[in-house]
$ cat run-v3.cif   # mmCIF, C-alpha atoms and all ligand atoms
data_protein
loop_
_atom_site.label_atom_id
_atom_site.label_comp_id
_atom_site.auth_asym_id
_atom_site.auth_seq_id
_atom_site.Cartn_x
_atom_site.Cartn_y
_atom_site.Cartn_z
CA MET A 1 -13.81 -4.98 8.60
CA ASP A 2 -11.89 -6.11 11.63
CA ASP A 3 -9.73 -3.43 13.14
CA GLU A 4 -12.39 -2.72 15.75
CA LYS A 5 -10.71 -5.40 17.81
CA GLU A 6 -7.56 -3.36 18.10
CA PRO A 7 -6.80 -3.02 21.81
CA LEU A 8 -7.68 0.38 23.14
CA PRO A 9 -5.51 1.79 25.90
CA THR A 10 -7.40 2.45 29.07
CA ARG A 11 -7.73 5.98 30.38
CA ARG A 12 -5.17 5.19 33.02
CA GLU A 13 -2.76 3.88 30.42
CA VAL A 14 -3.15 7.03 28.35
CA LEU A 15 -2.55 9.12 31.41
CA ALA A 16 0.48 7.02 32.22
CA LEU A 17 1.87 7.95 28.86
CA ALA A 18 1.14 11.61 29.39
CA VAL A 19 2.90 11.53 32.71
CA ALA A 20 5.87 9.59 31.42
CA GLY A 21 6.19 11.63 28.24
CA SER A 22 6.46 8.49 26.11
CA ALA A 23 6.08 8.34 22.35
CA GLY A 24 2.68 6.95 21.42
CA LEU A 25 -0.55 5.21 22.26
CA LEU A 26 0.90 1.84 21.32
CA VAL A 27 3.42 2.17 24.09
CA ALA A 28 0.70 3.36 26.43
CA ALA A 29 -1.18 0.10 25.95
CA CYS A 30 1.77 -1.78 27.44
CA THR A 31 2.45 0.66 30.27
CA PRO A 32 1.49 -0.34 33.83
CA ALA A 33 -1.27 1.83 35.20
CA PRO A 34 -0.10 4.53 37.58
CA LYS A 35 -2.25 6.61 39.89
CA PRO A 36 -4.99 8.56 38.07
CA VAL A 37 -4.42 12.23 37.36
CA PRO A 38 -7.03 14.32 39.20
CA SER A 39 -7.36 16.92 36.40
CA LEU A 40 -9.11 14.43 34.13
CA LYS A 41 -11.92 13.63 36.55
CA PRO A 42 -14.86 13.12 36.31
CA THR A 43 -14.33 11.11 33.16
CA GLU A 44 -13.86 7.60 34.44
CA PRO A 45 -15.16 5.45 31.61
CA THR A 46 -17.19 2.35 32.24
CA GLU A 47 -17.78 -0.73 30.13
CA GLU A 48 -21.24 0.55 29.32
CA GLY A 49 -20.14 4.00 28.28
CA GLU A 50 -21.29 5.90 31.33
CA LYS A 51 -22.77 9.31 30.62
CA MET A 52 -20.42 12.19 31.27
CA ALA A 53 -21.34 15.42 32.95
CA ALA A 54 -20.59 17.41 29.76
CA GLY A 55 -22.94 18.05 26.81
CA LYS A 56 -24.17 15.65 24.17
CA VAL A 57 -20.83 15.47 22.42
CA LEU A 58 -18.46 13.06 24.17
CA ALA A 59 -21.29 11.70 26.29
CA GLY A 60 -19.95 8.18 25.74
CA ALA A 61 -23.50 6.89 25.47
CA HIS A 62 -23.65 5.26 22.03
CA GLN A 63 -25.85 2.19 21.94
CA VAL A 64 -25.50 -1.05 20.01
CA VAL A 65 -28.30 -1.43 17.46
CA PRO A 66 -29.56 -5.04 17.23
CA LEU A 67 -29.36 -6.95 13.95
CA PRO A 68 -32.36 -5.82 11.88
CA PHE A 69 -32.98 -9.34 10.49
CA ASP A 70 -33.08 -12.95 11.63
CA PRO A 71 -29.48 -14.14 11.07
CA LYS A 72 -30.71 -17.73 10.60
CA LYS A 73 -32.58 -16.79 7.45
CA LEU A 74 -29.93 -15.30 5.19
CA THR A 75 -28.77 -17.18 2.12
CA GLY A 76 -25.14 -18.24 2.05
CA LEU A 77 -24.13 -16.12 5.06
CA SER A 78 -23.94 -18.15 8.25
CA GLU A 79 -25.66 -17.15 11.47
CA LYS A 80 -22.37 -17.68 13.29
CA LEU A 81 -20.52 -15.28 11.00
CA LEU A 82 -23.17 -12.56 11.18
CA VAL A 83 -23.71 -12.77 14.93
CA SER A 84 -19.98 -12.87 15.62
CA HIS A 85 -19.32 -9.86 13.40
CA HIS A 86 -22.17 -7.95 15.03
CA GLU A 87 -21.15 -8.83 18.58
CA ASN A 88 -17.40 -8.50 18.22
CA ASN A 89 -16.50 -6.12 15.41
CA TYR A 90 -19.50 -3.79 15.44
CA ALA A 91 -20.39 -3.81 19.13
CA GLY A 92 -16.68 -3.65 19.96
CA ALA A 93 -16.36 -0.46 17.95
CA VAL A 94 -19.36 1.08 19.75
CA LYS A 95 -17.93 0.24 23.16
CA ASN A 96 -14.52 1.57 22.18
CA LEU A 97 -16.11 4.76 20.85
CA ASN A 98 -17.71 5.31 24.24
CA LYS A 99 -14.36 4.78 25.95
CA VAL A 100 -12.58 7.18 23.59
CA GLU A 101 -15.23 9.82 24.19
CA ALA A 102 -14.79 9.42 27.92
CA ASP A 103 -11.07 10.00 27.51
CA LEU A 104 -11.60 12.99 25.23
CA ALA A 105 -14.02 14.50 27.73
CA GLY A 106 -11.15 14.65 30.16
CA ILE A 107 -8.58 16.50 28.10
CA THR A 108 -7.35 19.88 29.22
CA LYS A 109 -5.12 22.53 27.64
CA ASP A 110 -2.23 20.71 29.26
CA THR A 111 -2.93 17.33 27.65
CA PRO A 112 -0.15 16.54 25.15
CA PRO A 113 -1.47 17.19 21.62
CA TYR A 114 -0.12 13.86 20.33
CA LEU A 115 -2.33 12.07 22.82
CA VAL A 116 -5.33 14.06 21.67
CA SER A 117 -4.48 13.32 18.03
CA GLY A 118 -4.37 9.62 18.76
CA LEU A 119 -7.71 9.73 20.51
CA LYS A 120 -9.31 11.84 17.75
CA GLU A 121 -8.12 9.36 15.11
CA ARG A 122 -9.68 6.52 17.09
CA GLU A 123 -12.85 8.57 17.59
CA LEU A 124 -13.22 8.98 13.82
CA THR A 125 -12.42 5.33 13.13
CA PHE A 126 -14.91 3.98 15.67
CA THR A 127 -17.56 6.53 14.67
CA ASN A 128 -17.35 5.51 11.03
CA SER A 129 -17.21 1.85 11.98
CA LYS A 130 -20.47 2.28 13.90
CA ILE A 131 -22.14 4.13 11.03
CA LEU A 132 -20.94 1.80 8.27
CA HIS A 133 -21.74 -1.42 10.14
CA GLU A 134 -25.27 -0.21 10.90
CA LEU A 135 -25.76 0.66 7.23
CA TYR A 136 -24.25 -2.69 6.20
CA PHE A 137 -26.52 -4.77 8.42
CA GLY A 138 -29.40 -2.48 7.47
CA ASN A 139 -29.05 -3.27 3.76
CA LEU A 140 -29.05 -7.05 4.32
CA GLY A 141 -32.01 -9.33 4.96
CA GLY A 142 -33.66 -8.84 1.56
CA ASP A 143 -34.18 -11.12 -1.44
CA GLY A 144 -31.40 -9.58 -3.55
CA LYS A 145 -33.77 -8.52 -6.31
CA ALA A 146 -33.00 -4.96 -7.38
CA ALA A 147 -36.02 -2.78 -8.00
CA GLY A 148 -37.34 0.75 -7.64
CA ASP A 149 -35.82 4.12 -8.44
CA ILE A 150 -32.36 2.99 -7.40
CA LYS A 151 -32.31 0.33 -10.10
CA LYS A 152 -33.46 2.81 -12.77
CA LEU A 153 -30.89 5.35 -11.65
CA LEU A 154 -28.02 2.86 -11.75
CA GLU A 155 -29.11 1.81 -15.25
CA GLN A 156 -29.03 5.44 -16.37
CA GLU A 157 -25.80 6.40 -14.71
CA TYR A 158 -23.77 3.30 -15.51
CA GLY A 159 -25.32 2.49 -18.89
CA SER A 160 -26.72 -0.76 -17.51
CA PHE A 161 -27.40 -2.31 -14.13
CA ASP A 162 -25.01 -5.15 -14.93
CA ARG A 163 -22.21 -2.71 -15.56
CA TRP A 164 -22.72 -1.16 -12.13
CA GLU A 165 -22.94 -4.58 -10.47
CA THR A 166 -19.79 -5.81 -12.21
CA GLU A 167 -17.81 -2.80 -11.03
CA PHE A 168 -19.14 -3.06 -7.47
CA ARG A 169 -18.23 -6.75 -7.31
CA VAL A 170 -14.75 -6.28 -8.75
CA VAL A 171 -14.00 -3.45 -6.35
CA GLY A 172 -14.96 -5.85 -3.56
CA GLN A 173 -12.72 -8.56 -4.95
CA GLY A 174 -9.86 -6.09 -5.07
CA LEU A 175 -10.29 -5.61 -1.33
CA GLY A 176 -10.55 -9.36 -0.66
CA GLY A 177 -7.83 -10.82 1.49
CA GLY A 178 -7.56 -7.53 3.32
CA SER A 179 -10.31 -5.41 4.72
CA GLY A 180 -12.37 -2.46 3.69
CA TRP A 181 -15.72 -1.47 2.29
CA VAL A 182 -17.44 -0.92 -1.02
CA ILE A 183 -19.93 1.90 -0.74
CA LEU A 184 -22.53 2.99 -3.25
CA ALA A 185 -23.11 6.60 -2.31
CA TYR A 186 -25.09 9.63 -3.35
CA ASN A 187 -22.46 12.30 -4.02
CA PHE A 188 -24.03 15.62 -3.03
CA GLN A 189 -21.41 17.58 -4.95
CA THR A 190 -22.00 15.89 -8.31
CA GLY A 191 -25.57 14.70 -7.78
CA LEU A 192 -24.53 11.25 -9.02
CA VAL A 193 -24.94 7.86 -7.42
CA GLN A 194 -21.57 6.15 -7.59
CA SER A 195 -19.65 3.25 -6.05
CA TYR A 196 -16.58 4.08 -4.00
CA TRP A 197 -13.65 2.03 -2.73
CA SER A 198 -12.77 2.33 0.93
CA GLY A 199 -9.63 0.75 2.32
CA GLY A 200 -10.56 1.66 5.87
CA HIS A 201 -13.13 3.31 8.05
CA THR A 202 -11.79 6.77 7.40
CA GLN A 203 -11.64 6.63 3.62
CA ASN A 204 -15.12 7.59 2.55
CA VAL A 205 -16.28 10.14 0.02
CA ALA A 206 -16.39 13.40 1.97
CA PHE A 207 -19.82 14.70 1.01
CA GLY A 208 -21.98 11.71 0.34
CA GLN A 209 -24.81 9.58 1.66
CA PRO A 210 -24.07 5.84 1.68
CA LEU A 211 -26.87 3.91 -0.03
CA LEU A 212 -25.49 0.37 -0.23
CA VAL A 213 -22.63 -0.70 2.01
CA MET A 214 -20.67 -3.94 1.66
CA ASP A 215 -18.28 -4.84 4.46
CA ILE A 216 -15.39 -6.97 3.23
CA LEU A 217 -15.35 -9.82 5.72
CA ASP A 218 -12.33 -12.03 6.07
CA TYR A 219 -12.85 -14.64 3.35
CA GLY A 220 -9.34 -14.50 1.96
CA ALA A 221 -9.20 -15.97 -1.57
CA ALA A 222 -12.93 -16.83 -1.38
CA ALA A 223 -13.99 -13.20 -1.51
CA GLY A 224 -16.00 -13.90 -4.66
CA LYS A 225 -18.22 -16.39 -2.81
CA TYR A 226 -18.87 -13.88 -0.06
CA ILE A 227 -19.76 -11.20 -2.60
CA ASP A 228 -22.17 -13.63 -4.32
CA ALA A 229 -23.84 -14.29 -0.98
CA PHE A 230 -23.95 -10.59 -0.16
CA PHE A 231 -25.75 -9.82 -3.41
CA GLN A 232 -28.31 -12.57 -2.74
CA ASN A 233 -29.29 -10.90 0.52
CA ILE A 234 -29.37 -7.22 -0.41
CA ASN A 235 -32.44 -5.43 0.86
CA TRP A 236 -33.04 -3.22 -2.16
CA ALA A 237 -36.13 -1.64 -0.60
CA GLU A 238 -33.88 -0.20 2.10
CA VAL A 239 -31.35 1.01 -0.49
CA ASP A 240 -34.21 2.66 -2.40
CA ARG A 241 -35.46 4.32 0.79
CA ARG A 242 -31.98 5.75 1.44
CA LEU A 243 -31.89 7.06 -2.13
CA GLY A 244 -35.21 8.87 -1.61
CA ARG A 245 -33.91 10.51 1.56
CA ALA A 246 -30.66 11.54 -0.17
CA GLN A 247 -32.58 13.07 -3.08
CA LYS A 248 -34.72 15.08 -0.66
CA ALA A 249 -31.61 16.25 1.18
CA ALA A 250 -29.96 17.16 -2.14
CA ALA A 251 -32.98 19.28 -3.09
CA LEU A 252 -32.73 21.14 0.22
CA LEU A 253 -28.99 21.64 -0.23
CA ARG A 254 -29.54 23.16 -3.66
CA GLY A 255 -31.83 25.69 -1.93
FE FE B 1 -16.71 -5.16 9.79
#

$ encode --input "run-v3.cif" --output "structure tokens" --more "lines below"
Ligand SMILES: [Fe+2]
Amino acid sequence: MDDEKEPLPTRREVLALAVAGSAGLLVAACTPAPKPVPSLKPTEPTEEGEKMAAGKVLAGAHQVVPLPFDPKKLTGLSEKLLVSHHENNYAGAVKNLNKVEADLAGITKDTPPYLVSGLKERELTFTNSKILHELYFGNLGGDGKAAGDIKKLLEQEYGSFDRWETEFRVVGQGLGGGSGWVILAYNFQTGLVQSYWSGGHTQNVAFGQPLLVMDILDYGAAAGKYIDAFFQNINWAEVDRRLGRAQKAAALLRG
């Protein structure tokens, strides 16, 4: 999905808002940069997400993971589309996450709570964008032929594999023309593998492990064609590997 491109206010712009007592981050993005406020040093963010002096949290050091496949070799999904989405949407979210962490590292007890709320919302959005995009790219590059335990499990849980696939596709079509995700996840609370709708980066099942992630790219009315192409390139071996890890984790959680 595409909201990673949303302009992020710079640290100076956020501080400008704090100083001016204005109403929101949106306004901050349009506010001329004033002098920096000393209390927030040393948190000057850099384009590369410079490491902060604090601990591991808010280190602003997230890295972009390269595409795990040759984008020239996918069926029905263009190299241009995949590379652009990786470089702009995904990598943009990673860079913005580093910037948000740098800003959060600088908050004090005197920072207005509404500014912190705005930054925390962006932190969650960019964090989930990073996670979901890496899972999405990670489950592409295959031959689309379902196999393994995951196929058997979907047959058992949905009555047939086709029934699962039909639902997954239709959920995707319902999101077409907008943005969002369809996520097949292992639900640790129920122990079931189930597909979930996600209208945004922050609408995921709360206690689950994503197994198969489909990003809804901007195809408008042609969403069905994109979904066809997505299914032709699913790396089911990777989905099966994620299932195995989730089942091991579930066994540990049951104690
Ligand atoms: Fe995306």

$ residues_near_ligand --input "run-v3.cif" --ligand "ligand FE 1 (chain B)" --cutoff "12 Å" --atoms "only C-alpha atoms and all ligand atoms" --output "NGL selection string"
:A and (1-5 or 81-93 or 125-126 or 128-137 or 178-182 or 199-201 or 213-218)

$ residues_around --input "run-v3.cif" --residues "Leu192 in chain A" --least-positions-apart "5" --cutoff "10 Å" --atoms "only C-alpha atoms" --output "JSON, numbers by chain"
{"A": [153, 154, 157, 185, 186, 187, 208]}

$ closest_atom_pairs --input "run-v3.cif" --of "range 108-219 of chain A" --to "range 225-229 of chain A" --cutoff "8 Å" --atoms "only C-alpha atoms" --output "JSON lines"
{"residue": "A:Arg169", "atom": "CA", "partner": "A:Ile227", "partner_atom": "CA", "distance": 6.7}
{"residue": "A:Gly172", "atom": "CA", "partner": "A:Ile227", "partner_atom": "CA", "distance": 7.3}
{"residue": "A:Gln173", "atom": "CA", "partner": "A:Ile227", "partner_atom": "CA", "distance": 7.9}
{"residue": "A:Leu217", "atom": "CA", "partner": "A:Tyr226", "partner_atom": "CA", "distance": 7.9}
{"residue": "A:Tyr219", "atom": "CA", "partner": "A:Tyr226", "partner_atom": "CA", "distance": 7.0}

$ closest_residue --input "run-v3.cif" --among "A:Phe230, A:Phe188, A:Phe161, A:Leu175" --to "Ala146 in chain A" --atoms "only C-alpha atoms"
A:Phe161

$ atom_distance --input "run-v3.cif" --atom1 "CA of Asn233 in chain A" --atom2 "CA of Val205 in chain A"
24.7 Å

$ atom_distance --input "run-v3.cif" --atom1 "CA of Lys151 in chain A" --atom2 "CA of Gln203 in chain A"
25.6 Å

$ closest_residue --input "run-v3.cif" --among "A:Asn96, A:Gly159, A:Ala102, A:Arg254" --to "Gly55 in chain A" --atoms "all atoms listed in the file"
A:Ala102

$ build_atoms --input "run-v3.cif" --residues "range 89-100 of chain A" --atoms "all heavy atoms" --output "CSV table (one decimal), in the frame of the given file"
chain,number,residue,atom,x,y,z
A,89,ASN,N,-17.0,-7.2,16.2
A,89,ASN,CA,-16.5,-6.1,15.4
A,89,ASN,C,-17.3,-4.9,15.6
A,89,ASN,O,-16.8,-3.8,15.9
A,89,ASN,CB,-16.4,-6.5,13.9
A,89,ASN,CG,-15.5,-7.7,13.7
A,89,ASN,OD1,-16.0,-8.8,13.9
A,89,ASN,ND2,-14.3,-7.5,13.4
A,90,TYR,N,-18.6,-5.0,15.3
A,90,TYR,CA,-19.5,-3.8,15.4
A,90,TYR,C,-19.7,-3.3,16.9
A,90,TYR,O,-19.4,-2.2,17.2
A,90,TYR,CB,-20.9,-4.1,14.8
A,90,TYR,CG,-21.9,-3.1,15.2
A,90,TYR,CD1,-21.8,-1.8,14.9
A,90,TYR,CD2,-23.1,-3.5,15.9
A,90,TYR,CE1,-22.8,-0.9,15.3
A,90,TYR,CE2,-24.0,-2.7,16.3
A,90,TYR,CZ,-23.9,-1.3,16.0
A,90,TYR,OH,-24.9,-0.4,16.4
A,91,ALA,N,-20.1,-4.2,17.7
A,91,ALA,CA,-20.4,-3.8,19.1
A,91,ALA,C,-19.1,-3.4,19.8
A,91,ALA,O,-19.1,-2.5,20.6
A,91,ALA,CB,-21.1,-4.9,19.9
A,92,GLY,N,-18.0,-4.0,19.4
A,92,GLY,CA,-16.7,-3.6,20.0
A,92,GLY,C,-16.3,-2.2,19.6
A,92,GLY,O,-15.8,-1.5,20.4
A,93,ALA,N,-16.6,-1.8,18.4
A,93,ALA,CA,-16.4,-0.5,18.0
A,93,ALA,C,-17.2,0.5,18.7
A,93,ALA,O,-16.7,1.6,19.1
A,93,ALA,CB,-16.6,-0.3,16.5
A,94,VAL,N,-18.5,0.2,19.0
A,94,VAL,CA,-19.4,1.1,19.8
A,94,VAL,C,-18.8,1.3,21.2
A,94,VAL,O,-18.8,2.4,21.7
A,94,VAL,CB,-20.8,0.5,19.8
A,94,VAL,CG1,-21.7,1.4,20.6
A,94,VAL,CG2,-21.4,0.4,18.3
A,95,LYS,N,-18.4,0.2,21.8
A,95,LYS,CA,-17.9,0.2,23.2
A,95,LYS,C,-16.6,1.0,23.2
A,95,LYS,O,-16.4,1.9,24.1
A,95,LYS,CB,-17.7,-1.2,23.7
A,95,LYS,CG,-19.0,-1.9,24.1
A,95,LYS,CD,-18.8,-3.3,24.5
A,95,LYS,CE,-20.1,-4.0,24.7
A,95,LYS,NZ,-20.0,-5.5,24.8
A,96,ASN,N,-15.8,0.8,22.2
A,96,ASN,CA,-14.5,1.6,22.2
A,96,ASN,C,-14.8,3.1,21.9
A,96,ASN,O,-14.1,3.9,22.4
A,96,ASN,CB,-13.6,1.0,21.1
A,96,ASN,CG,-12.9,-0.2,21.6
A,96,ASN,OD1,-12.7,-0.5,22.8
A,96,ASN,ND2,-12.4,-1.0,20.7
A,97,LEU,N,-15.8,3.3,21.1
A,97,LEU,CA,-16.1,4.8,20.8
A,97,LEU,C,-16.5,5.4,22.2
A,97,LEU,O,-16.1,6.6,22.5
A,97,LEU,CB,-17.2,4.8,19.8
A,97,LEU,CG,-17.8,6.3,19.5
A,97,LEU,CD1,-16.7,7.2,19.0
A,97,LEU,CD2,-18.9,6.2,18.5
A,98,ASN,N,-17.3,4.7,23.0
A,98,ASN,CA,-17.7,5.3,24.2
A,98,ASN,C,-16.5,5.5,25.1
A,98,ASN,O,-16.4,6.6,25.8
A,98,ASN,CB,-18.7,4.4,24.9
A,98,ASN,CG,-20.1,4.4,24.3
A,98,ASN,OD1,-20.4,5.5,23.7
A,98,ASN,ND2,-20.8,3.4,24.4
A,99,LYS,N,-15.6,4.6,25.1
A,99,LYS,CA,-14.4,4.8,26.0
A,99,LYS,C,-13.5,6.0,25.5
A,99,LYS,O,-13.0,6.7,26.3
A,99,LYS,CB,-13.5,3.5,25.9
A,99,LYS,CG,-14.2,2.3,26.6
A,99,LYS,CD,-13.3,1.1,26.5
A,99,LYS,CE,-14.0,-0.1,27.1
A,99,LYS,NZ,-13.2,-1.3,26.9
A,100,VAL,N,-13.4,6.1,24.1
A,100,VAL,CA,-12.6,7.2,23.6
A,100,VAL,C,-13.2,8.5,23.9
A,100,VAL,O,-12.5,9.5,24.3
A,100,VAL,CB,-12.4,7.0,22.1
A,100,VAL,CG1,-11.9,8.3,21.4
A,100,VAL,CG2,-11.5,5.9,21.7
